[in-house]
$ cat target.cif   # mmCIF, C-alpha atoms
data_protein
loop_
_atom_site.label_atom_id
_atom_site.label_comp_id
_atom_site.auth_asym_id
_atom_site.auth_seq_id
_atom_site.Cartn_x
_atom_site.Cartn_y
_atom_site.Cartn_z
CA MET A 222 2.85 21.78 -8.23
CA ILE A 223 -0.72 22.48 -7.18
CA ILE A 224 -2.06 22.98 -3.64
CA TYR A 225 -5.46 21.32 -3.25
CA PRO A 226 -7.55 22.55 -0.30
CA ALA A 227 -9.58 19.55 0.88
CA ILE A 228 -13.30 19.64 1.58
CA ASP A 229 -14.51 16.42 3.16
CA LEU A 230 -18.29 16.00 3.11
CA LYS A 231 -20.29 14.11 5.71
CA GLN A 232 -24.06 14.47 6.01
CA GLY A 233 -23.88 17.74 4.09
CA LYS A 234 -21.24 19.31 6.32
CA CYS A 235 -17.56 20.10 5.91
CA VAL A 236 -15.68 17.83 8.32
CA ARG A 237 -12.31 16.25 9.04
CA LEU A 238 -11.76 12.72 10.28
CA LEU A 239 -8.91 11.31 12.34
CA GLN A 240 -7.16 8.52 10.40
CA GLY A 241 -10.34 7.99 8.40
CA ASP A 242 -12.41 7.04 11.45
CA MET A 243 -16.02 8.14 10.95
CA ASP A 244 -16.49 8.10 14.74
CA LYS A 245 -13.74 10.70 15.14
CA THR A 246 -15.31 13.58 13.24
CA THR A 247 -14.82 17.32 13.66
CA VAL A 248 -17.33 19.59 11.92
CA TYR A 249 -15.66 22.73 10.55
CA SER A 250 -18.57 24.19 8.62
CA GLU A 251 -22.27 23.64 8.09
CA ASN A 252 -21.91 25.24 4.64
CA PRO A 253 -19.33 23.53 2.38
CA VAL A 254 -20.21 25.85 -0.52
CA GLU A 255 -19.02 28.85 1.47
CA VAL A 256 -15.85 26.97 2.36
CA ALA A 257 -15.17 26.28 -1.33
CA GLN A 258 -15.73 29.92 -2.20
CA ARG A 259 -13.39 31.01 0.58
CA TRP A 260 -10.54 28.82 -0.66
CA GLU A 261 -11.08 30.12 -4.18
CA ALA A 262 -11.08 33.73 -2.95
CA LEU A 263 -7.75 33.12 -1.22
CA GLY A 264 -6.22 31.97 -4.49
CA ALA A 265 -6.69 28.21 -4.72
CA LYS A 266 -6.39 26.91 -8.28
CA PHE A 267 -8.05 23.51 -7.71
CA LEU A 268 -10.30 21.96 -5.03
CA HIS A 269 -10.29 18.42 -3.66
CA LEU A 270 -13.68 17.06 -2.54
CA VAL A 271 -14.32 13.75 -0.81
CA ASP A 272 -17.78 12.31 -0.21
CA LEU A 273 -17.04 10.44 3.01
CA ASP A 274 -20.53 8.96 3.21
CA GLY A 275 -20.05 7.70 -0.33
CA ALA A 276 -16.64 6.21 0.45
CA PHE A 277 -18.21 4.02 3.11
CA SER A 278 -21.53 3.22 1.45
CA GLY A 279 -20.68 3.25 -2.25
CA ASP A 280 -23.53 5.73 -2.77
CA ASN A 281 -23.21 9.51 -3.15
CA PRO A 282 -25.61 11.13 -0.66
CA ASN A 283 -23.79 14.47 -0.94
CA LEU A 284 -24.33 14.72 -4.68
CA ASP A 285 -26.39 17.92 -4.53
CA ILE A 286 -23.74 19.68 -2.47
CA ILE A 287 -21.00 18.56 -4.83
CA LYS A 288 -23.02 20.00 -7.69
CA ASP A 289 -23.58 23.26 -5.79
CA ILE A 290 -19.84 23.59 -5.11
CA VAL A 291 -18.89 22.94 -8.74
CA GLN A 292 -21.38 25.55 -9.89
CA SER A 293 -20.37 28.11 -7.27
CA VAL A 294 -16.67 28.32 -8.11
CA ASP A 295 -14.73 29.08 -11.27
CA ILE A 296 -11.82 26.75 -10.51
CA PRO A 297 -11.71 23.01 -11.29
CA VAL A 298 -12.86 20.47 -8.72
CA GLN A 299 -11.80 16.85 -8.31
CA VAL A 300 -14.08 14.47 -6.44
CA GLY A 301 -13.61 11.09 -4.78
CA GLY A 302 -15.61 8.84 -2.50
CA GLY A 303 -18.02 6.12 -3.59
CA ILE A 304 -17.28 6.39 -7.32
CA ARG A 305 -17.23 2.73 -8.30
CA ASP A 306 -18.94 2.38 -11.67
CA LEU A 307 -18.98 3.99 -15.10
CA ASP A 308 -22.45 5.48 -14.63
CA ARG A 309 -21.30 7.43 -11.58
CA ILE A 310 -18.17 8.58 -13.39
CA LYS A 311 -20.26 9.78 -16.33
CA LEU A 312 -22.62 11.60 -13.95
CA MET A 313 -19.76 13.40 -12.24
CA LEU A 314 -17.82 14.36 -15.35
CA GLU A 315 -20.52 15.01 -17.90
CA ASP A 316 -23.59 16.03 -15.93
CA ILE A 317 -22.19 17.78 -12.87
CA GLY A 318 -19.07 19.18 -14.48
CA VAL A 319 -16.41 17.81 -12.16
CA ALA A 320 -12.94 18.24 -13.68
CA ARG A 321 -11.55 14.93 -12.45
CA VAL A 322 -12.88 11.93 -10.53
CA ILE A 323 -10.87 9.84 -8.11
CA VAL A 324 -11.45 6.10 -8.13
CA GLY A 325 -10.25 4.19 -5.09
CA THR A 326 -12.00 0.95 -4.16
CA ALA A 327 -12.79 0.14 -7.79
CA ALA A 328 -9.10 0.24 -8.66
CA VAL A 329 -8.65 -2.81 -6.43
CA GLU A 330 -11.98 -4.57 -6.87
CA VAL A 331 -12.89 -3.76 -10.50
CA PRO A 332 -9.70 -2.82 -12.37
CA GLY A 333 -11.37 -3.48 -15.72
CA MET A 334 -13.80 -0.65 -15.02
CA VAL A 335 -10.91 1.70 -14.34
CA LYS A 336 -9.35 0.75 -17.67
CA ALA A 337 -12.63 1.45 -19.47
CA ALA A 338 -12.96 4.80 -17.71
CA VAL A 339 -9.41 5.82 -18.62
CA ASP A 340 -9.96 4.78 -22.23
CA THR A 341 -12.95 7.14 -22.35
CA TYR A 342 -11.95 10.05 -20.13
CA ARG A 343 -8.14 9.88 -20.15
CA SER A 344 -6.54 12.32 -17.70
CA ARG A 345 -9.88 13.11 -16.04
CA ILE A 346 -9.58 9.79 -14.17
CA ALA A 347 -7.31 9.66 -11.13
CA VAL A 348 -6.74 6.72 -8.82
CA GLY A 349 -6.70 7.14 -5.06
CA LEU A 350 -4.21 4.85 -3.36
CA ASP A 351 -4.94 4.89 0.35
CA ALA A 352 -2.45 2.76 2.24
CA LYS A 353 -1.54 1.65 5.72
CA ASP A 354 1.79 -0.04 6.38
CA GLY A 355 2.36 -0.07 2.63
CA LYS A 356 -0.83 -2.01 1.86
CA VAL A 357 -3.84 -0.54 0.05
CA ALA A 358 -7.11 -0.10 1.97
CA THR A 359 -10.57 0.17 0.39
CA ARG A 360 -14.21 0.97 1.17
CA GLY A 361 -13.55 4.06 3.23
CA TRP A 362 -10.33 2.56 4.61
CA VAL A 363 -12.19 -0.09 6.61
CA LYS A 364 -11.11 -3.00 4.39
CA ASN A 365 -7.45 -3.85 4.00
CA SER A 366 -6.02 -5.62 0.98
CA ARG A 367 -2.74 -7.42 0.56
CA LEU A 368 -1.81 -5.25 -2.38
CA ASP A 369 1.44 -3.30 -2.21
CA VAL A 370 0.85 0.37 -2.94
CA LEU A 371 3.74 0.70 -5.39
CA ALA A 372 2.78 -2.49 -7.24
CA LEU A 373 -0.81 -1.31 -7.64
CA ALA A 374 0.42 2.09 -8.83
CA ARG A 375 2.43 0.42 -11.55
CA ASP A 376 -0.60 -1.65 -12.57
CA MET A 377 -2.65 1.54 -12.84
CA GLU A 378 0.05 3.20 -14.91
CA ASP A 379 0.00 0.23 -17.28
CA MET A 380 -3.74 0.84 -17.72
CA GLY A 381 -3.10 4.43 -18.77
CA VAL A 382 -3.79 6.19 -15.47
CA SER A 383 -1.84 9.45 -15.37
CA THR A 384 -2.62 10.76 -11.87
CA VAL A 385 -2.48 9.09 -8.45
CA ILE A 386 -3.51 10.54 -5.10
CA TYR A 387 -1.47 8.78 -2.43
CA THR A 388 -2.69 8.95 1.17
CA ASP A 389 -0.96 7.43 4.16
CA ILE A 390 -3.89 6.54 6.42
CA ALA A 391 -1.76 6.53 9.58
CA LYS A 392 -0.82 10.14 8.86
CA ASP A 393 -4.23 11.46 7.83
CA GLY A 394 -5.62 14.06 10.19
CA MET A 395 -2.72 13.59 12.61
CA LEU A 396 -0.72 16.70 11.59
CA THR A 397 2.50 14.70 12.03
CA GLY A 398 3.95 15.21 8.57
CA PRO A 399 3.51 13.24 5.33
CA ASN A 400 5.04 9.88 4.43
CA LEU A 401 7.92 11.24 2.37
CA GLU A 402 9.58 7.86 1.81
CA THR A 403 6.66 6.15 0.07
CA THR A 404 5.66 9.32 -1.75
CA LYS A 405 9.19 9.65 -3.12
CA ALA A 406 9.19 5.99 -4.18
CA LEU A 407 5.98 6.56 -6.15
CA VAL A 408 7.44 9.65 -7.84
CA GLU A 409 10.71 7.92 -8.72
CA ASN A 410 9.31 4.55 -9.78
CA THR A 411 6.36 5.64 -11.91
CA GLY A 412 5.84 8.17 -14.66
CA MET A 413 2.55 9.38 -13.22
CA ASP A 414 1.65 12.65 -11.53
CA ILE A 415 1.68 11.92 -7.80
CA ILE A 416 -0.52 14.02 -5.52
CA ALA A 417 0.44 13.68 -1.85
CA SER A 418 -2.16 13.56 0.91
CA GLY A 419 -2.19 12.91 4.63
CA GLY A 420 -0.29 14.48 7.51
CA VAL A 421 0.63 17.82 5.93
CA SER A 422 0.84 20.11 8.94
CA ARG A 423 3.27 22.94 8.13
CA LEU A 424 4.70 24.87 5.24
CA GLU A 425 7.94 22.87 5.48
CA ASP A 426 6.00 19.70 4.64
CA ILE A 427 4.81 21.30 1.42
CA SER A 428 8.33 22.44 0.53
CA ARG A 429 9.71 18.95 1.12
CA LEU A 430 7.03 17.35 -1.00
CA LYS A 431 7.68 19.83 -3.77
CA ALA A 432 11.39 19.00 -3.58
CA ILE A 433 10.78 15.29 -4.21
CA GLY A 434 8.74 16.06 -7.30
CA VAL A 435 5.07 15.64 -6.46
CA SER A 436 2.60 17.28 -8.82
CA GLY A 437 0.27 18.32 -6.03
CA VAL A 438 -0.32 18.44 -2.28
CA ILE A 439 -3.70 18.06 -0.59
CA VAL A 440 -4.03 20.10 2.59
CA GLY A 441 -6.96 19.54 4.90
CA LYS A 442 -6.94 19.73 8.68
CA ALA A 443 -3.96 22.12 8.79
CA LEU A 444 -5.99 24.71 6.87
CA TYR A 445 -9.00 24.38 9.14
CA THR A 446 -6.99 24.60 12.36
CA GLY A 447 -4.91 27.52 11.10
CA LYS A 448 -1.60 25.67 11.18
CA ILE A 449 -1.17 26.49 7.50
CA ASP A 450 -2.21 29.74 5.87
CA LEU A 451 -3.39 28.99 2.35
CA ARG A 452 -1.89 32.16 0.91
CA GLU A 453 1.53 31.24 2.27
CA ALA A 454 1.17 27.69 0.93
CA LEU A 455 0.32 29.10 -2.49
CA ARG A 456 3.56 31.09 -2.48
CA ILE A 457 5.42 27.78 -2.28
CA GLN A 458 3.25 26.48 -5.11
CA GLU A 459 4.23 29.41 -7.29
CA GLY A 460 7.86 29.57 -6.13
#

$ encode --input "target.cif" --output "structure tokens"
Amino acid sequence: MIIYPAIDLKQGKCVRLLQGDMDKTTVYSENPVEVAQRWEALGAKFLHLVDLDGAFSGDNPNLDIIKDIVQSVDIPVQVGGGIRDLDRIKLMLEDIGVARVIVGTAAVEVPGMVKAAVDTYRSRIAVGLDAKDGKVATRGWVKNSRLDVLALARDMEDMGVSTVIYTDIAKDGMLTGPNLETTKALVENTGMDIIASGGVSRLEDISRLKAIGVSGVIVGKALYTGKIDLREALRIQEG
């Protein structure tokens, strides 16, 4: 299992949102590069970046900062937010040097593109399944679909996707604990690596997620508020 410290980018700053609401933003750092270097120095093995502006607009206005982060650390970085076509995927993976890209909206709206990306880049393509009440949401979580999260996960697996990041929107930024039930269902009913995200607020949450077999846990707000010490979380990772 891998612990992924999350760095959410908005207008060039490191922020956290409450349940994905862009109007409920807390700025934690004006310098995301320094944040990335700090998590690496504390022992992180992988970083999770989200371009929040990109998730809403479909563009990637934080591209330069993403590039700076990738170049400033020696650990792999995965990036999501606004990655909805093959050109953007190629830019991230080949030009910038991102280890893995996360496709969210495109998985729902342009599944053929996801298939083409997986055929080319294999395990370097992950799909982000962001759900509320069991239904997948897209375009920065502002558009709800009628797609069941488990059904879409199975469709993605059939396309060759090997990694899914599952986020329960209702839990995100709330520090109320992850959605263990749905996460466990994804682990048990697919053969993919499931990375859990949303609501992780204490070390016990990480231990419980590890126990149900997730391949990774994304930790965001709890790191920035001090509720979770990264070094202690990494001990669970290694344990």

$ residues_around --input "target.cif" --residues "A:Leu373" --least-positions-apart "3" --cutoff "10 Å" --atoms "only C-alpha atoms" --output "list in words"
Ala328, Val329, Leu350, Lys356, Val357, Leu368, Asp369, Val370, Asp376, Met377, Glu378 and Asp379 of chain A

$ residues_around --input "target.cif" --residues "A:Val348" --least-positions-apart "6" --cutoff "6 Å" --atoms "all atoms listed in the file" --output "ChimeraX atom specification"
/A:323-325,385

$ residues_around --input "target.cif" --residues "A:Leu401" --least-positions-apart "4" --cutoff "9 Å" --atoms "only C-alpha atoms" --output "mmCIF file with C-alpha atoms, in the coordinates of the input"
data_model
loop_
_atom_site.group_PDB
_atom_site.id
_atom_site.type_symbol
_atom_site.label_atom_id
_atom_site.label_comp_id
_atom_site.auth_asym_id
_atom_site.auth_seq_id
_atom_site.Cartn_x
_atom_site.Cartn_y
_atom_site.Cartn_z
ATOM 1 C CA LYS A 405 9.190 9.650 -3.120
ATOM 2 C CA ALA A 406 9.190 5.990 -4.180
ATOM 3 C CA ALA A 417 0.440 13.680 -1.850
ATOM 4 C CA ASP A 426 6.000 19.700 4.640
ATOM 5 C CA ARG A 429 9.710 18.950 1.120
ATOM 6 C CA LEU A 430 7.030 17.350 -1.000
ATOM 7 C CA ILE A 433 10.780 15.290 -4.210
#

$ residues_around --input "target.cif" --residues "stretch 300-302 of chain A" --least-positions-apart "3" --cutoff "9 Å" --atoms "all atoms listed in the file" --output "PyMOL selection string"
chain A and resi 268-277+279-281+287+305+313+319-326+349+360-361

$ atom_distance --input "target.cif" --atom1 "atom CA of A:Asp306" --atom2 "atom CA of A:Pro253"
25.4 Å

$ resolve_selection --input "target.cif" --expression "the PyMOL selection byres ((chain A and resi 440) around 10)" --output "PyMOL selection string"
chain A and resi 224-228+269+394+417-423+427+437-439+441-445+449+451+454

$ residues_around --input "target.cif" --residues "A:Thr341" --least-positions-apart "6" --cutoff "10 Å" --atoms "only C-alpha atoms" --output "number ranges by chain"
A: 307, 311, 335

$ atom_distance --input "target.cif" --atom1 "atom CA of A:Leu371" --atom2 "atom CA of A:Ile346"
18.4 Å

$ atom_distance --input "target.cif" --atom1 "atom CA of A:Ala337" --atom2 "atom CA of A:Gln292"
27.4 Å

$ axis_aligned_box --input "target.cif" --around "stretch 264-276 of chain A" --padding-each-side "6 Å" --output "lines of an AutoDock Vina configuration file"
center_x = -13.4
center_y = 19.1
center_z = -2.5
size_x = 26.3
size_y = 37.8
size_z = 23.5

$ closest_residue --input "target.cif" --among "A:Gln458, A:Thr446, A:Ser383, A:Thr388" --to "A:Thr247" --atoms "only C-alpha atoms"
A:Thr446
